[in-house]
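Working notes, beginning with the structure itself.
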Amino acid sequence: MKKFLDLLSEEMGKAFEAAGYDGALGRVTVSNRPDLCEYQCNGAMAGAKQYHKAPVMIAGEVAQKLADSSVFSQVDAVAPGFLNLKLSEEYLLKAVERMTKEPKFGLEQPEKGKKIIIDYGGANVAKPLHVGHLRSAVIGESIKRINRYAGHEVIGDVHLGDWGLQMGLVIMGLKERMPDLVYFDEGYEGEYPEEASFTISELEEVYPAASAKSKEDPAYKAQAMEATFKLQNGVRGYRALWKQIMKVSVADLKKNYGSLNVEFDLWKGESDVHELIPEMVAYMKDGGYAHISEGALVVDVKEETDTKEVPPCMILKSDGASLYNTTDLATIMERMRLYHPDMMVYLTDKRQDLYFDQVFRCARKTKLVDPETELKWIGFGTVNGKDGKPFKTRDGGVMRLETLIRETKDEMYRKIREGREMSEEEARQVADLVAVSALLYGDLSNQASKDYIFDVDRFTSFEGDTGPYILYTIVRIKSILAKYREQGGSTEGLVLQPAENQSEKSLMMQLVQFNAMMQSAAEETAPHKVCAYIYDLANAFNHFYHETKILSEEDVRKKEGLIALLVLTRDVLEACIDVLGFAAPEKM
Ligand code: ARG
């Protein structure tokens with residue numbers, strides 16, 4: 001289905017042409033003065049120069065051509081040359097009707113969708129997820145869902161940090177605590193146990209302790225490096241232990257991501273490309289791309305147009321060890337082989353900008369990717385506390401994601417119980433669901449690259465630009481529909497009616513923007529556009545709700561039309577929250 005503003009622009013363009021002007025001047029936009037008009041066109045202003053004519057005269061001529069328009073019910077040419085527009089209710093009605101009949105409310109699907117890999121989450125094995133991991137997971141998940149909705153094939157990969165020094169540190173830490181574990185017995189030749197010998201809580205204690213110790217004790221660090229080396233080179237016991245660590249850690253990660261409705265298609269990690277590295281290194285050497293610099297193997301990636309220094313991309317350290325770059329490049333190679341994607345999208349903290357610049361340049365230069373495969377990095381801002389500094393626990397420690405989720409759920413529970421008659425159990429269930437909307441919406445409503453302030457109190461509020469406000473609006477619609485059904489009404493096969501007041505018309509005008517909004521959210525990988533849209537839609541609905549009698553409407557046709565409008569509003573809101581990654585309860 002064509003975009004609504006394009007349709008209006010076509011009509012306006014025809015009028016410009018009929019009046020003897022360039023049709024391209026007829027671009028119509030939503031009015032920035034809703035007190036004066038619903039839509040506007042500033043084409044006459046732009047045309048004035050070209051046609052050596054006063055803009056208001058052009059506008060006047062164009063307005064005349066629209067006197068009998070079936071699209072605009074009112075067209076005013078006003079000084080200095082604006083065209084102020086009001087829409088015909090009948091025309092708007094037809095657009096809303098089309099929306100209800102088309103799949104996905106008229107969002108056009110590509111003939112052939114792209115294949116997109118999204119690399120998000122980026123958790124590190126055996127390290128607890130902290131607040132910094134929230135954004136990668138939440139934004140990545142939403143981009144995945146939006147692009148699927150837009151008709152693309154999207155593969156989400158968590159790309160675990162599971163192969164670097166932290167693994168050696170965990171192994172050392174475990175060795176200290178449990179020296180008798182069979183994995184450390186070098187002479188052992190039997191089968192290793194199926195069951196893990198430690199819990200996730202133990203693992204999570206091990207890493208920070210070992211990491212702290214390695215910073216003070218160089219000998220310990222050297223041992224951890226050696227353990228990492230042994231692991232990577234296939235020492236049996238270490239590999240078996242690593243597998244156990246992975247099992248315990250991944251189960252816990254799945255649980256935590258799951259509580260945010262974040263699901264990955266691939267649970268791959270840095271370790272998965274270990275075997276590819278020698279081949280990639282040989283390829284880079286043979287192709288003449290890589291050279292030795294101060295003992296290390298590097299690829300130069302600076303370009304003439306650079307305004308800042310872009311250092312070479314290091315492929316191997318002087319001791320032959322691989323790095324973060326190495327596994328990322330090998331992963332690109334693997335993804336091209338296995339999936340041949342049209343695009344790879346990465347989500348990380350925005351501080352990794354130079355890093356991704358180097359990696360992408362290197363991948364292009366060495367032709368690891370096809371020229372038509374797009375590489376896109378999305379760097380997100382920091383989650384800050386009210387003091388404007390990175391969000392911390394009350395005593396200044398790193399905030400674990402689990403704690404953040406729990407605290408949000410508790411606050412939501414408190415608010416739900418306040419002034420509501422709900423059993424404790426029901427309130428808990430509802431609070432858990434609504435809290436997810438608070439967290440996700442609180443994050444996604446900000447443009448990804450911006451920092452934002454994590455404010456539990458604001459995020460969990462039922463008023464304002466929040467997830468709970470959106471859910472509250474959906475629940476309000478659901479409860480009206482439920483009452484309507486209780487009164488014997490059916491929500492099937494109802495016929496929409498033209499808007500009878502401005503608030504109803506505004507709601508319809510908001511609804512018809514859906515397909516254009518969703519398309520740009522997908523193209524620009526911008527979930528905040530979906531948030532901005534549903535906030536406006538929820539406001540439009542609530543305004544309409546306060547001004548309109550619905551269930552007490554006596555005219556049956558009108559009432560059915562209003563119910564049909566409610567059904568559509570609910571469906572659009574629910575489609576939107578689904579791509580944002582959360583759902584609405586029946587009651588709250
Ligand atoms: N594990 C990494 C970190 O904690 C993030 C991984 C991001 N993805 C990537 N392909 N480099 O910083």
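Residues are named by chain letter and number: chains run A, B, ... in the order of the structure tokens, numbers start at 1 in each chain, and ligands are numbered from 1 in the order shown.
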
- Task: Excluding segment 87-96 of chain A and residues on its chain fewer than 5 positions from it, collect all residues at most 6 Å away from it, counting only C-alpha atoms, and give them as a PyMOL selection string.
- Result: chain A and resi 71-73+498

- Message: Which residues are near ligand 1 - at most 8 Å, using only C-alpha atoms and all ligand atoms? Format: as a PyMOL selection string.
- Response: chain A and resi 119-124+158-161+324-325+328+331+346-349

Sorted per-residue table, segment 410-506 of chain A near segment 256-272 of chain A, closest atoms and distance, 10 Å, only C-alpha atoms, as JSON lines:
```
{"residue": "A:Asp432", "atom": "CA", "partner": "A:Ser259", "partner_atom": "CA", "distance": 9.1}
{"residue": "A:Leu433", "atom": "CA", "partner": "A:Ser259", "partner_atom": "CA", "distance": 9.5}
{"residue": "A:Ala435", "atom": "CA", "partner": "A:Leu260", "partner_atom": "CA", "distance": 9.6}
{"residue": "A:Val436", "atom": "CA", "partner": "A:Leu260", "partner_atom": "CA", "distance": 6.2}
{"residue": "A:Ser437", "atom": "CA", "partner": "A:Leu260", "partner_atom": "CA", "distance": 9.0}
{"residue": "A:Leu439", "atom": "CA", "partner": "A:Leu260", "partner_atom": "CA", "distance": 8.5}
{"residue": "A:Leu440", "atom": "CA", "partner": "A:Leu260", "partner_atom": "CA", "distance": 7.8}
```

Write a file of the just-selected residues containing all heavy atoms, as a PDB file, in the first residue's frame.
```pdb
ATOM      1  N   ASP A 432       5.672  -8.289  36.322  1.00  0.00           N
ATOM      2  CA  ASP A 432       6.820  -8.831  35.580  1.00  0.00           C
ATOM      3  C   ASP A 432       6.716  -8.468  34.099  1.00  0.00           C
ATOM      4  O   ASP A 432       7.693  -8.071  33.471  1.00  0.00           O
ATOM      5  CB  ASP A 432       6.911 -10.352  35.735  1.00  0.00           C
ATOM      6  CG  ASP A 432       7.436 -10.742  37.120  1.00  0.00           C
ATOM      7  OD1 ASP A 432       7.738  -9.817  37.910  1.00  0.00           O
ATOM      8  OD2 ASP A 432       7.527 -11.940  37.409  1.00  0.00           O
ATOM      9  N   LEU A 433       5.517  -8.600  33.579  1.00  0.00           N
ATOM     10  CA  LEU A 433       5.293  -8.301  32.162  1.00  0.00           C
ATOM     11  C   LEU A 433       5.470  -6.809  31.876  1.00  0.00           C
ATOM     12  O   LEU A 433       6.147  -6.405  30.929  1.00  0.00           O
ATOM     13  CB  LEU A 433       3.870  -8.736  31.802  1.00  0.00           C
ATOM     14  CG  LEU A 433       3.577  -8.996  30.342  1.00  0.00           C
ATOM     15  CD1 LEU A 433       4.199 -10.309  29.928  1.00  0.00           C
ATOM     16  CD2 LEU A 433       2.070  -9.066  30.117  1.00  0.00           C
ATOM     17  N   ALA A 435       7.023  -4.614  33.655  1.00  0.00           N
ATOM     18  CA  ALA A 435       8.391  -4.143  33.929  1.00  0.00           C
ATOM     19  C   ALA A 435       9.273  -4.300  32.701  1.00  0.00           C
ATOM     20  O   ALA A 435      10.144  -3.467  32.433  1.00  0.00           O
ATOM     21  CB  ALA A 435       8.978  -4.910  35.114  1.00  0.00           C
ATOM     22  N   VAL A 436       9.050  -5.361  31.946  1.00  0.00           N
ATOM     23  CA  VAL A 436       9.844  -5.554  30.726  1.00  0.00           C
ATOM     24  C   VAL A 436       9.580  -4.402  29.756  1.00  0.00           C
ATOM     25  O   VAL A 436      10.493  -3.849  29.139  1.00  0.00           O
ATOM     26  CB  VAL A 436       9.547  -6.923  30.075  1.00  0.00           C
ATOM     27  CG1 VAL A 436      10.282  -7.067  28.759  1.00  0.00           C
ATOM     28  CG2 VAL A 436       9.954  -8.048  31.021  1.00  0.00           C
ATOM     29  N   SER A 437       8.318  -3.993  29.661  1.00  0.00           N
ATOM     30  CA  SER A 437       8.012  -2.857  28.778  1.00  0.00           C
ATOM     31  C   SER A 437       8.702  -1.588  29.281  1.00  0.00           C
ATOM     32  O   SER A 437       9.173  -0.777  28.488  1.00  0.00           O
ATOM     33  CB  SER A 437       6.500  -2.635  28.689  1.00  0.00           C
ATOM     34  OG  SER A 437       6.019  -1.887  29.799  1.00  0.00           O
ATOM     35  N   LEU A 439      11.531  -1.333  30.945  1.00  0.00           N
ATOM     36  CA  LEU A 439      12.959  -1.400  30.624  1.00  0.00           C
ATOM     37  C   LEU A 439      13.226  -1.222  29.133  1.00  0.00           C
ATOM     38  O   LEU A 439      14.087  -0.441  28.726  1.00  0.00           O
ATOM     39  CB  LEU A 439      13.501  -2.772  31.016  1.00  0.00           C
ATOM     40  CG  LEU A 439      13.894  -2.976  32.461  1.00  0.00           C
ATOM     41  CD1 LEU A 439      14.002  -4.462  32.763  1.00  0.00           C
ATOM     42  CD2 LEU A 439      15.241  -2.303  32.722  1.00  0.00           C
ATOM     43  N   LEU A 440      12.482  -1.981  28.331  1.00  0.00           N
ATOM     44  CA  LEU A 440      12.736  -1.963  26.892  1.00  0.00           C
ATOM     45  C   LEU A 440      12.381  -0.606  26.290  1.00  0.00           C
ATOM     46  O   LEU A 440      13.152  -0.028  25.519  1.00  0.00           O
ATOM     47  CB  LEU A 440      11.956  -3.089  26.195  1.00  0.00           C
ATOM     48  CG  LEU A 440      12.709  -4.411  26.044  1.00  0.00           C
ATOM     49  CD1 LEU A 440      13.316  -4.879  27.331  1.00  0.00           C
ATOM     50  CD2 LEU A 440      11.841  -5.488  25.438  1.00  0.00           C
TER      51      LEU A 440
END
```

- From a DSSP calculation on the backbone, collect every residue of segment 355-564 of chain A in alpha helix (DSSP H) and output the set as number ranges by chain. A: 355-365, 401-417, 424-444, 456-459, 467-486, 502-511, 514-523, 527-547, 556-564

- Item | Secondary structure check, strand (DSSP E) residues of segment 237-400 of chain A, as a count of residues only | 28

- Find the spatial neighbours of Gln352 of chain A, counting only C-alpha atoms, within a cut-off of 10 Å - ignore same-chain residues fewer than 6 positions away - and output them as a PyMOL selection string. chain A and resi 377-380

For the residues in that selection, give me N, CA, C and O atoms as an mmCIF file, in the first residue's frame.
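again30.cif, freshly written:
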```
data_model
loop_
_atom_site.group_PDB
_atom_site.id
_atom_site.type_symbol
_atom_site.label_atom_id
_atom_site.label_comp_id
_atom_site.auth_asym_id
_atom_site.auth_seq_id
_atom_site.Cartn_x
_atom_site.Cartn_y
_atom_site.Cartn_z
ATOM 1 N N TRP A 377 27.753 -0.764 11.495
ATOM 2 C CA TRP A 377 27.998 -0.794 12.940
ATOM 3 C C TRP A 377 27.107 0.256 13.607
ATOM 4 O O TRP A 377 27.017 1.387 13.131
ATOM 5 N N ILE A 378 26.445 -0.157 14.663
ATOM 6 C CA ILE A 378 25.632 0.797 15.415
ATOM 7 C C ILE A 378 26.247 0.937 16.805
ATOM 8 O O ILE A 378 26.284 -0.032 17.571
ATOM 9 N N GLY A 379 26.771 2.092 17.084
ATOM 10 C CA GLY A 379 27.390 2.334 18.390
ATOM 11 C C GLY A 379 26.367 3.002 19.292
ATOM 12 O O GLY A 379 25.816 4.030 18.937
ATOM 13 N N PHE A 380 26.105 2.398 20.437
ATOM 14 C CA PHE A 380 25.094 2.986 21.309
ATOM 15 C C PHE A 380 25.727 3.719 22.478
ATOM 16 O O PHE A 380 26.869 3.449 22.876
#
```

- Message: Excluding Gly190 of chain A and its own-chain neighbours fewer than 3 positions away, which residues fall within 12 Å of it when counting only C-alpha atoms? Please give them as an MDAnalysis selection string.
- Response: chainID A and resid 182:183 185:187 193 236:237 240
